[in-house]
Amino acid sequence: MRRSITSETRQDAVYEISTDAALGTLLLNASGPITIRTIGSLEQPLRQRVLDAVQQGGFGLASIDMSRVGAFDTAGAWLVHRIAKDLKTNGIEVRYERVRPEHQGLLDEVTNNTSNADIATDK
């Protein structure tokens, strides 16, 4: 059974968080521009709602669907990476769904650079 937890619009960026209890999956759908201009008002409420959903428990997988994301920049990739990291920290496997090639390149760049920075600061 699929249940919507929340949906919110911030400066034309829209996100929806829902669950699929049968699959034990947390579903995140993003649409619109995910850029430096939109993440300021998007980051805190989105991260909090994701963590609230995680605390409900029962999820082994999170699916982040980016098929409806329009404009996307490095700041947007950083936010998506940060949410994925929050999920992974809570033991949830993260899968990206329907990511445009140009968006995937930004996600890869942020992931690689952030991972290297994390390793450097952990020493």
# chains A, B, ... in the order shown; residues from 1 in each chain; ligands from 1
>>> residues_around(residues="Ile34 of chain A", least_positions_apart="6", cutoff="8 Å", atoms="only C-alpha atoms", output="VMD selection string")
chain A and resid 13 69 to 73 75 to 77
>>> write_last_selection(atoms="N, CA, C and O atoms", output="PDB file, in the first residue's frame")
ATOM      1  N   ALA A  13      10.235  24.427  -6.686  1.00  0.00           N
ATOM      2  CA  ALA A  13      10.781  23.091  -6.471  1.00  0.00           C
ATOM      3  C   ALA A  13       9.762  22.328  -5.632  1.00  0.00           C
ATOM      4  O   ALA A  13       9.272  22.832  -4.628  1.00  0.00           O
ATOM      5  N   VAL A  69      13.027  16.535 -12.380  1.00  0.00           N
ATOM      6  CA  VAL A  69      13.888  17.652 -11.978  1.00  0.00           C
ATOM      7  C   VAL A  69      14.253  18.431 -13.231  1.00  0.00           C
ATOM      8  O   VAL A  69      14.682  17.862 -14.234  1.00  0.00           O
ATOM      9  N   GLY A  70      14.061  19.747 -13.163  1.00  0.00           N
ATOM     10  CA  GLY A  70      14.411  20.616 -14.284  1.00  0.00           C
ATOM     11  C   GLY A  70      15.842  21.086 -14.136  1.00  0.00           C
ATOM     12  O   GLY A  70      16.784  20.316 -14.258  1.00  0.00           O
ATOM     13  N   ALA A  71      15.990  22.365 -13.829  1.00  0.00           N
ATOM     14  CA  ALA A  71      17.331  22.924 -13.626  1.00  0.00           C
ATOM     15  C   ALA A  71      17.964  22.246 -12.416  1.00  0.00           C
ATOM     16  O   ALA A  71      17.311  21.987 -11.406  1.00  0.00           O
ATOM     17  N   PHE A  72      19.246  21.951 -12.538  1.00  0.00           N
ATOM     18  CA  PHE A  72      19.975  21.232 -11.490  1.00  0.00           C
ATOM     19  C   PHE A  72      21.410  21.707 -11.546  1.00  0.00           C
ATOM     20  O   PHE A  72      22.013  21.733 -12.628  1.00  0.00           O
ATOM     21  N   ASP A  73      21.939  22.125 -10.410  1.00  0.00           N
ATOM     22  CA  ASP A  73      23.315  22.598 -10.381  1.00  0.00           C
ATOM     23  C   ASP A  73      24.068  21.898  -9.259  1.00  0.00           C
ATOM     24  O   ASP A  73      23.538  21.007  -8.597  1.00  0.00           O
ATOM     25  N   ALA A  75      24.916  22.925  -6.335  1.00  0.00           N
ATOM     26  CA  ALA A  75      24.266  23.092  -5.030  1.00  0.00           C
ATOM     27  C   ALA A  75      23.110  22.108  -4.885  1.00  0.00           C
ATOM     28  O   ALA A  75      22.910  21.511  -3.817  1.00  0.00           O
ATOM     29  N   GLY A  76      22.340  21.903  -5.944  1.00  0.00           N
ATOM     30  CA  GLY A  76      21.258  20.924  -5.917  1.00  0.00           C
ATOM     31  C   GLY A  76      21.795  19.517  -5.744  1.00  0.00           C
ATOM     32  O   GLY A  76      21.237  18.713  -4.986  1.00  0.00           O
ATOM     33  N   ALA A  77      22.881  19.202  -6.432  1.00  0.00           N
ATOM     34  CA  ALA A  77      23.503  17.881  -6.298  1.00  0.00           C
ATOM     35  C   ALA A  77      24.001  17.672  -4.870  1.00  0.00           C
ATOM     36  O   ALA A  77      23.890  16.578  -4.315  1.00  0.00           O
TER      37      ALA A  77
END
>>> select_by_dssp(residues="chain A", states="helix (DSSP H, G or I)", output="number ranges by chain")
A: 36-56, 74-89, 101-122
>>> closest_residue(among="A:Ser67, A:Thr111, A:Asn90, A:Asn29", to="Val54 of chain A", atoms="only C-alpha atoms")
A:Asn90
>>> closest_residue(among="A:Leu28, A:Val50, A:Leu42, A:Leu107", to="Asp86 of chain A", atoms="only C-alpha atoms")
A:Val50
>>> select_by_dssp(residues="chain A", states="strand (DSSP E or B)", output="PyMOL selection string")
chain A and resi 2-10+13-20+25-34+61-72+93-97
>>> write_last_selection(atoms="C-alpha atoms", output="compact mmCIF listing (two decimals), in the first residue's frame")
# COMPACT_ATOMS: atom_id res chain seq x y z
CA ARG A 2 1.43 3.35 -1.03
CA ARG A 3 0.94 6.23 1.37
CA SER A 4 1.90 9.85 0.88
CA ILE A 5 3.64 11.36 3.87
CA THR A 6 4.19 14.88 2.64
CA SER A 7 4.34 17.07 -0.39
CA GLU A 8 5.58 20.63 -0.44
CA THR A 9 6.43 23.36 -2.91
CA ARG A 10 9.29 25.79 -2.35
CA ALA A 13 10.78 23.09 -6.47
CA VAL A 14 8.41 20.34 -5.39
CA TYR A 15 9.11 17.24 -3.38
CA GLU A 16 6.91 14.41 -2.30
CA ILE A 17 7.75 11.74 0.23
CA SER A 18 5.66 8.59 0.22
CA THR A 19 6.01 5.01 1.37
CA ASP A 20 5.42 1.61 -0.11
CA THR A 25 10.57 1.50 0.51
CA LEU A 26 10.67 5.21 1.18
CA LEU A 27 9.95 7.06 -2.07
CA LEU A 28 11.22 10.58 -2.72
CA ASN A 29 10.09 12.38 -5.85
CA ALA A 30 11.60 15.71 -6.79
CA SER A 31 10.51 18.07 -9.54
CA GLY A 32 11.25 21.55 -10.74
CA PRO A 33 14.50 23.42 -10.26
CA ILE A 34 16.87 22.07 -7.62
CA LEU A 61 15.42 1.08 0.77
CA ALA A 62 14.93 4.67 -0.37
CA SER A 63 14.23 5.48 -3.99
CA ILE A 64 15.02 9.02 -5.14
CA ASP A 65 13.19 9.68 -8.42
CA MET A 66 14.68 12.63 -10.29
CA SER A 67 12.79 12.24 -13.56
CA ARG A 68 10.95 15.54 -13.15
CA VAL A 69 13.89 17.65 -11.98
CA GLY A 70 14.41 20.62 -14.28
CA ALA A 71 17.33 22.92 -13.63
CA PHE A 72 19.98 21.23 -11.49
CA GLU A 93 20.07 1.68 0.94
CA VAL A 94 19.63 4.51 -1.57
CA ARG A 95 18.82 4.14 -5.24
CA TYR A 96 18.54 6.96 -7.73
CA GLU A 97 15.84 6.51 -10.35
>>> atom_distance(atom1="atom CA of Leu51 of chain A", atom2="atom CA of Ile83 of chain A")
9.1 Å
>>> atom_distance(atom1="atom CA of Thr74 of chain A", atom2="atom CA of Pro101 of chain A")
14.0 Å
>>> atom_distance(atom1="atom CA of Gln48 of chain A", atom2="atom CA of Val99 of chain A")
23.4 Å
>>> decode(residues="segment 28-65 of chain A", atoms="N, CA and C atoms", output="short mmCIF file (atom, residue, chain, number, x, y, z; two decimals), in the first residue's frame")
data_model
loop_
_atom_site.label_atom_id
_atom_site.label_comp_id
_atom_site.auth_asym_id
_atom_site.auth_seq_id
_atom_site.Cartn_x
_atom_site.Cartn_y
_atom_site.Cartn_z
N LEU A 28 11.06 9.14 -2.64
CA LEU A 28 11.22 10.58 -2.72
C LEU A 28 11.15 10.98 -4.17
N ASN A 29 10.24 11.88 -4.49
CA ASN A 29 10.09 12.38 -5.85
C ASN A 29 10.36 13.88 -5.84
N ALA A 30 11.26 14.29 -6.70
CA ALA A 30 11.60 15.71 -6.79
C ALA A 30 11.21 16.21 -8.17
N SER A 31 10.79 17.47 -8.24
CA SER A 31 10.51 18.07 -9.54
C SER A 31 10.78 19.57 -9.48
N GLY A 32 10.95 20.13 -10.66
CA GLY A 32 11.25 21.55 -10.74
C GLY A 32 12.73 21.81 -10.60
N PRO A 33 13.09 23.06 -10.38
CA PRO A 33 14.50 23.42 -10.26
C PRO A 33 15.05 23.07 -8.88
N ILE A 34 16.15 22.36 -8.86
CA ILE A 34 16.87 22.07 -7.62
C ILE A 34 18.24 22.75 -7.79
N THR A 35 18.28 24.01 -7.38
CA THR A 35 19.46 24.84 -7.64
C THR A 35 19.79 25.69 -6.42
N ILE A 36 20.84 26.44 -6.54
CA ILE A 36 21.26 27.35 -5.48
C ILE A 36 20.14 28.30 -5.09
N ARG A 37 19.29 28.65 -6.04
CA ARG A 37 18.19 29.57 -5.74
C ARG A 37 17.07 28.92 -4.94
N THR A 38 16.91 27.62 -5.04
CA THR A 38 15.78 26.96 -4.37
C THR A 38 16.16 26.19 -3.12
N ILE A 39 17.42 25.79 -2.98
CA ILE A 39 17.74 24.89 -1.86
C ILE A 39 17.74 25.58 -0.51
N GLY A 40 17.91 26.90 -0.49
CA GLY A 40 17.90 27.61 0.80
C GLY A 40 16.62 27.37 1.58
N SER A 41 15.50 27.44 0.91
CA SER A 41 14.22 27.22 1.59
C SER A 41 13.82 25.74 1.57
N LEU A 42 14.50 24.93 0.79
CA LEU A 42 14.14 23.53 0.63
C LEU A 42 14.88 22.60 1.59
N GLU A 43 16.13 22.91 1.88
CA GLU A 43 16.98 21.97 2.60
C GLU A 43 16.44 21.54 3.96
N GLN A 44 16.22 22.46 4.85
CA GLN A 44 15.81 22.10 6.21
C GLN A 44 14.49 21.34 6.28
N PRO A 45 13.41 21.84 5.65
CA PRO A 45 12.16 21.09 5.75
C PRO A 45 12.24 19.72 5.09
N LEU A 46 12.95 19.62 3.98
CA LEU A 46 13.07 18.34 3.30
C LEU A 46 13.85 17.35 4.14
N ARG A 47 15.01 17.74 4.63
CA ARG A 47 15.82 16.84 5.45
C ARG A 47 15.07 16.42 6.70
N GLN A 48 14.33 17.35 7.31
CA GLN A 48 13.58 17.00 8.51
C GLN A 48 12.47 16.01 8.20
N ARG A 49 11.77 16.22 7.11
CA ARG A 49 10.68 15.30 6.74
C ARG A 49 11.22 13.92 6.38
N VAL A 50 12.36 13.86 5.74
CA VAL A 50 12.98 12.57 5.44
C VAL A 50 13.34 11.86 6.74
N LEU A 51 13.95 12.58 7.67
CA LEU A 51 14.31 11.96 8.95
C LEU A 51 13.08 11.56 9.74
N ASP A 52 12.01 12.33 9.68
CA ASP A 52 10.75 11.95 10.35
C ASP A 52 10.22 10.64 9.77
N ALA A 53 10.29 10.51 8.45
CA ALA A 53 9.82 9.28 7.79
C ALA A 53 10.70 8.09 8.19
N VAL A 54 12.01 8.31 8.25
CA VAL A 54 12.94 7.25 8.65
C VAL A 54 12.63 6.77 10.06
N GLN A 55 12.30 7.69 10.95
CA GLN A 55 12.01 7.32 12.33
C GLN A 55 10.75 6.48 12.47
N GLN A 56 9.87 6.53 11.48
CA GLN A 56 8.69 5.68 11.51
C GLN A 56 9.09 4.21 11.33
N GLY A 57 10.25 3.99 10.74
CA GLY A 57 10.81 2.65 10.63
C GLY A 57 10.22 1.81 9.52
N GLY A 58 10.82 0.64 9.37
CA GLY A 58 10.35 -0.32 8.40
C GLY A 58 10.89 -0.15 7.00
N PHE A 59 11.87 0.72 6.80
CA PHE A 59 12.40 0.96 5.47
C PHE A 59 13.82 0.43 5.35
N GLY A 60 14.04 -0.37 4.32
CA GLY A 60 15.39 -0.83 4.03
C GLY A 60 15.94 -0.18 2.79
N LEU A 61 15.04 0.50 2.05
CA LEU A 61 15.42 1.08 0.77
C LEU A 61 14.75 2.44 0.61
N ALA A 62 15.49 3.37 0.02
CA ALA A 62 14.93 4.67 -0.37
C ALA A 62 15.18 4.83 -1.86
N SER A 63 14.15 5.23 -2.56
CA SER A 63 14.23 5.48 -3.99
C SER A 63 14.07 6.97 -4.22
N ILE A 64 15.07 7.59 -4.84
CA ILE A 64 15.02 9.02 -5.14
C ILE A 64 14.79 9.15 -6.64
N ASP A 65 13.57 9.54 -7.02
CA ASP A 65 13.19 9.68 -8.42
C ASP A 65 13.43 11.13 -8.86
#
